[in-house]
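**Student:** After the structure tokens below, expect a handful of questions from me.
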Amino acid sequence: MSVEADLLTWIDSLIVETLAFSPEEGLPGGARMAALAELCAKISPAAIDLEMMETAACAAALGRQIQTPGPNFSAVLEEQIERLQTLADTELSARLSRQRVAAGGSAELYQDLSMIGDFIGEAREHLEMIEKELLLLEQAPQNPEPIHAIFRSFHTIKGLAGIFNLGSTRDLAHEVETLLDLVRNGALPATPSLVDVVLACADRLGVIVDCLDEDRSGVSVVLPDNGELLERLRNEMMPPDEDVVVSVVAGSGGGTVEVAEVATSKRRGESANAHVKVETSKLDYLVDMVGELVIAQSLVQQDPSVIQLGEPRLGRNLSQLGRITTDLQKIAMSLRVVPIRQTFQRMQRAFRDLVKKSGKLAELELVGEDSELDRSIVEQLADPLMHMIRNSVDHGLEAPGEREKTGKSGTGKVRLVASHQSGNVLIEVSDDGRGLNRAKILKKAIERGLLAEDANPPVDKILELIFEPGFSTADQISDVSGRGVGMDVVKQQIQKLRGRIEIRSEPGVGTTFLLRFPLTLAIIDGLSVKVAGQRYILPLHCVHEIFRPVADSIYRVSGNQEVVLVRERVVPLLRLYQMLGRTPASTDPYDGILIAAEMEGRRYCLLVDELLGKQEVVIKSLGEYLGTMPGVSGAAIMGDGCVGLILDLEGMLSRESFNAAA
Amino acid sequence: MNNMNTQNSDARGGVPSVPGAAKGPSKHLIFSLGKEEFAVPVAKVKEIIGMLEVTPVPHTAEYVRGVINLRGKVVPVIDLRLKLGVPSVEYDERTCIVVVQPEMAKSVFLIGVIVDGVSEVMPVQSSDIEKTESFSHGLISSGYVQGVAKIRGKVKILLDLDCVLSQTDLQQLM
């Protein structure tokens with residue numbers, strides 16, 4: 001494809017050159033004229049080579065114009081170049097479909113499935129960029145820099161669509177391109193309504209790409225009709241006052257345009273350093289296999305017959321193997337983490353739309369976009385974060401008038417902060433709105449039968465009630481927030497990612513949600529214990545101490561709650577065999593071992609039969625059939641090949657505490 | 001423990017084994033529970049292994065025995081007798097785990113099914129199959145049975161695995 005690519009590049013360069021053109025330069029012999037002539041001289045023969053006759057003729061004619069510029073040269077130049085571009089696009093597409101037909105394919109929609117995958121991938125990347133730059137443009141319409149990036153992206157999508165014979169898509173992209181061209185030439189201002197239309201077109205292109213993704217055979221794809229969008233685009237292109245001179249070249253902005261072009265291409269160059277695209281499934285498989293390698297390697301290293309051999313050289317080689325495996329594991333783990341930036345940026349777009357719809361004033365602050373998280377967490381975080389932001393904008397933030405009455409600024413603030421803290425990732429979603437009304441929550445909980453009429457739960461427990469299913473204190477079901485898809489869904493989504501969610505709120509000041517996630521979903525530091533003849537793994541980060549119970553340190557208090565005296569603190573005792581539904585050899589706690597653990601800010605002592613050891617394990621899910629089980633966060637393949645269940649203590653506890661109400 | 005890794009899914013030999021397709025004979029795996037013999041399409045069977053150590057999972061239905069390690073993959077295992085409502089027996093050296101891949105909407109997963117023993121793979125012609133209306137077999141819920149095949153004088157019950165393994169009553173709260 002290189003000759004075609006060169007051709008397109010040269011035509012692009014022609015455009016760039018003429019942008020910075022000023023009328024005085026329209027004299028033969030000038031440096032810029034020479035550059036233009038050179039480009040035409042390259043384009044013409046290349047086009048002939050590719051059998052693009054009209055393009056070649058146009059380029060040749062242009063070349064002649066440059067040698068002997070006539071009157072009104074700059075207008076003619078602009079026109080010719082546009083014509084050249086159109087011809088080149090048309091003829092190139094025709095050529096490609098001829099090639100396909102010649103190769104036995106049909107001139108129909110794309111044949112090559114792998115290539116459409118590339119189109120979809122590239123198009124999506126460009127659309128993401130477009131959205132990001134459009135938001136920047138909206139916030140600072142005087143800064144022209146984003147326009148060039150947006151223009152280029154639509155241009156590329158147009159080209160790609162052309163190559164794949166996606167006529168309607170190409171046309172849409174072309175219309176947007178035309179509109180954007182007017183903006184970047186200074187003929188049209190980047191008004192909010194213009195940004196809206198372009199965003200709508202970008203969205204439509206996104207929908208088209210999704211349609212193509214769904215059915216890659218292409219034959220049965222039904223693409224939406226773009227008529228309405230095209231109308232809107234044409235409306236934008238007609239300025240309200242008819243006597244605006246559509247200047248051919250950005251005469252006044254000449255200098256800035258050039259610099260901006262250089263700046264954007266430089267920016268792109270930076271991020272273009274050696275990246276490869278890999279299917280995530282391949283990556284996941286790789287990480288999985290490395291995990292298995294670690295286990296297999298330790299099996300060999302710890303094999304008694306190997307140890308018995310006592311061969312020093314064997315020992316050294318095995319150690320070396322161990323070191324290599326550990327390094328490999330570290331790298332594999334790092335493949336799984338990505339910065340949270342992308343998810344945060346999706347929030348920006350959603351936030352903008354929400355705020356517009358709500359009629360309030362608000363701004364979104366993003367902090368810590370570089371924080372890295374396991375890729376699967378990042379992907380699945382979007383949904384719950386969206387929910388919470390929706391709630392903040394919809395219910396949390398007050399209308400500007402109301403805010404000013406209480407001395408707050410009319411513009412509400414929503415913050416998304418990501419940070420690392422002791423092996424976990426912390427994400428904070430906060431707003432400075434009206435805060436949660438505890439009385440209202442309590443009332444609703446009683447109404448919904450979640451609490452008894454005369455219940456009087458402690459203050460910090462009231463807020464957590466919003467996580468109960470079916471709970472919603474919205475007086476109206478706004479169409480933005482939807483039907484009470486409440487915080488219970490958010491909590492479940494968070495817990496699925498082995499995260500925790502906490503809530504803090506002060507009436508009149510605001511609300512903060514704190515999300516905590518493990519750095520990686522794949523590996524956990526575990527404590528291996530034996531309970532009723534079975535081996536289980538406890539997450540080490542919960543464990544404070546391990547000890548044998550001291551004589552007479554276990555009591556029973558109010559009702560049936562057992563407690564242990566630990567360093568003069570009274571801590572509830574939990575018999576793990578009970579929670580697991582199994583019968584141990586001995587139920588006498590003094591025969592077993594106590595593990596002092598902290599879950600959700602509270603301390604407990606867990607009774608187990610035996611302590612087996614500490615080890616890092618690769619977590620495997622229990623699979624689709626068993627799904628997410630309360631109390632079990634996953635399974636691990638142990639050294640001896642058996643499966644060990646990884647216990648989710650917090651999960652087990654929350655079941656217990658609600659059962660205790662009975 | 002024994003590991004008879006008979007890759008039955010490869011034994012299809014070009015015969016179209018699309019479930020429900022009534023063209024030509026489709027191969028079925030025959031296994032037994034007590035005196036009854038059952039048949040399931042070989043296309044769904046991924047592996048057959050001898051009984052091994054199953055790790056129990058708390059708070060699951062009684063027929064869910066637990067999970068096993070299948071070459072690095074955690075696979076759940078159910079006791080077919082208990083699932084069908086038949087009393088369970090002691091596992092012996094004939095007991096096998098048949099690893100199957102049921103057809104569930106949107107998800108693909110493996111699940112092991114404990115059976116008393118596995119005997120053979122045989123082609124079942126659609127002409128051999130009788131619908132269950134004309135045949136009563138009280139112990140087994142009719143939803144699970146697709147029909148009955150009479151081959152060489154013996155009756156094999158055609159089990160609808162997808163139905164048996166649908167997860168209606170999976171999690172039992174303590």
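Chain labels follow the order of the structure tokens: the first chain is A, the next B, and so on; residue numbering restarts at 1 in every chain, and ligands are counted from 1 in their shown order.
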Residues of chain B near chain A: apply a cut-off of 10 Å, count only C-alpha atoms, and supply the list as a ChimeraX atom specification.

**Tutor:** /B:52-60,64,66-77,107-111,165-167,170-171,173-174

**Student:** As a list of chain:residue names, please: the residues near Tyr604 in chain A (cut-off 6 Å, only C-alpha atoms, same-chain neighbours under 5 positions excluded).

**Tutor:** A:Val571, A:Pro572, A:Ala596, A:Ala597

**Student:** Work out how far CA of Gln615 in chain A is from CA of Glu311 in chain A, in Å to one decimal.

**Tutor:**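 We find that CA of Glu311 in chain A and CA of Gln615 in chain A lie 25.7 Å from each other.
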
**Student:** Quick one: everything within 6 Å of Gln146 in chain B, counting only C-alpha atoms, minus sequence neighbours fewer than 6 positions away in the same chain. Send it as a PyMOL selection string.

**Tutor:** chain B and resi 158-160

**Student:** Going by DSSP on the backbone, which residues of range 32-153 of chain B come out as helix (DSSP H, G or I)? List them as a list of chain:residue names.

**Tutor:**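 Taking range 32-153 of chain B and keeping helix (DSSP H, G or I) only, one gets B:Val42, B:Ala43, B:Lys44, B:Leu80, B:Arg81, B:Leu82, B:Lys83, B:Leu84, B:Ser126, B:Ser127, B:Asp128, B:Thr132, B:Glu133, B:Ser134, B:Ser142, B:Gly143, B:Tyr144.
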
**Student:** Take the residues from that selection and put them in a file with N, CA and C atoms, as a PDB file, in the first residue's frame.

**Tutor:**
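Written file, again-v1.pdb:
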```
ATOM      1  N   VAL B  42     -21.915 -37.084  22.511  1.00  0.00           N
ATOM      2  CA  VAL B  42     -20.475 -37.017  22.704  1.00  0.00           C
ATOM      3  C   VAL B  42     -19.936 -35.607  22.478  1.00  0.00           C
ATOM      4  N   ALA B  43     -20.657 -34.839  21.657  1.00  0.00           N
ATOM      5  CA  ALA B  43     -20.226 -33.467  21.361  1.00  0.00           C
ATOM      6  C   ALA B  43     -20.100 -32.616  22.605  1.00  0.00           C
ATOM      7  N   LYS B  44     -20.884 -32.939  23.624  1.00  0.00           N
ATOM      8  CA  LYS B  44     -20.830 -32.129  24.836  1.00  0.00           C
ATOM      9  C   LYS B  44     -19.762 -32.608  25.804  1.00  0.00           C
ATOM     10  N   LEU B  80     -24.402 -36.489  40.004  1.00  0.00           N
ATOM     11  CA  LEU B  80     -25.584 -36.603  39.155  1.00  0.00           C
ATOM     12  C   LEU B  80     -26.734 -37.291  39.858  1.00  0.00           C
ATOM     13  N   ARG B  81     -26.408 -38.273  40.689  1.00  0.00           N
ATOM     14  CA  ARG B  81     -27.479 -38.961  41.417  1.00  0.00           C
ATOM     15  C   ARG B  81     -28.277 -37.973  42.240  1.00  0.00           C
ATOM     16  N   LEU B  82     -27.548 -37.176  43.017  1.00  0.00           N
ATOM     17  CA  LEU B  82     -28.240 -36.232  43.888  1.00  0.00           C
ATOM     18  C   LEU B  82     -29.009 -35.201  43.069  1.00  0.00           C
ATOM     19  N   LYS B  83     -28.437 -34.797  41.935  1.00  0.00           N
ATOM     20  CA  LYS B  83     -29.136 -33.793  41.117  1.00  0.00           C
ATOM     21  C   LYS B  83     -30.425 -34.373  40.562  1.00  0.00           C
ATOM     22  N   LEU B  84     -30.412 -35.640  40.209  1.00  0.00           N
ATOM     23  CA  LEU B  84     -31.619 -36.233  39.653  1.00  0.00           C
ATOM     24  C   LEU B  84     -32.574 -36.700  40.738  1.00  0.00           C
ATOM     25  N   SER B 126     -31.875 -41.709  15.085  1.00  0.00           N
ATOM     26  CA  SER B 126     -33.119 -41.063  15.522  1.00  0.00           C
ATOM     27  C   SER B 126     -34.262 -42.064  15.471  1.00  0.00           C
ATOM     28  N   SER B 127     -34.131 -43.085  14.651  1.00  0.00           N
ATOM     29  CA  SER B 127     -35.202 -44.092  14.599  1.00  0.00           C
ATOM     30  C   SER B 127     -35.244 -44.927  15.866  1.00  0.00           C
ATOM     31  N   ASP B 128     -34.121 -44.952  16.599  1.00  0.00           N
ATOM     32  CA  ASP B 128     -34.103 -45.730  17.836  1.00  0.00           C
ATOM     33  C   ASP B 128     -34.787 -45.009  18.981  1.00  0.00           C
ATOM     34  N   THR B 132     -40.600 -39.734  25.547  1.00  0.00           N
ATOM     35  CA  THR B 132     -40.923 -40.269  26.864  1.00  0.00           C
ATOM     36  C   THR B 132     -42.397 -40.338  27.212  1.00  0.00           C
ATOM     37  N   GLU B 133     -43.229 -39.694  26.425  1.00  0.00           N
ATOM     38  CA  GLU B 133     -44.660 -39.766  26.792  1.00  0.00           C
ATOM     39  C   GLU B 133     -45.099 -41.201  26.853  1.00  0.00           C
ATOM     40  N   SER B 134     -44.558 -41.971  25.918  1.00  0.00           N
ATOM     41  CA  SER B 134     -45.026 -43.350  25.871  1.00  0.00           C
ATOM     42  C   SER B 134     -44.241 -44.267  26.801  1.00  0.00           C
ATOM     43  N   SER B 142     -39.329 -35.434  34.247  1.00  0.00           N
ATOM     44  CA  SER B 142     -39.427 -35.581  32.792  1.00  0.00           C
ATOM     45  C   SER B 142     -38.694 -34.470  32.045  1.00  0.00           C
ATOM     46  N   GLY B 143     -38.501 -33.317  32.692  1.00  0.00           N
ATOM     47  CA  GLY B 143     -37.790 -32.244  32.012  1.00  0.00           C
ATOM     48  C   GLY B 143     -36.377 -32.642  31.634  1.00  0.00           C
ATOM     49  N   TYR B 144     -35.788 -33.511  32.418  1.00  0.00           N
ATOM     50  CA  TYR B 144     -34.401 -33.866  32.181  1.00  0.00           C
ATOM     51  C   TYR B 144     -34.220 -34.888  31.070  1.00  0.00           C
TER      52      TYR B 144
END
```
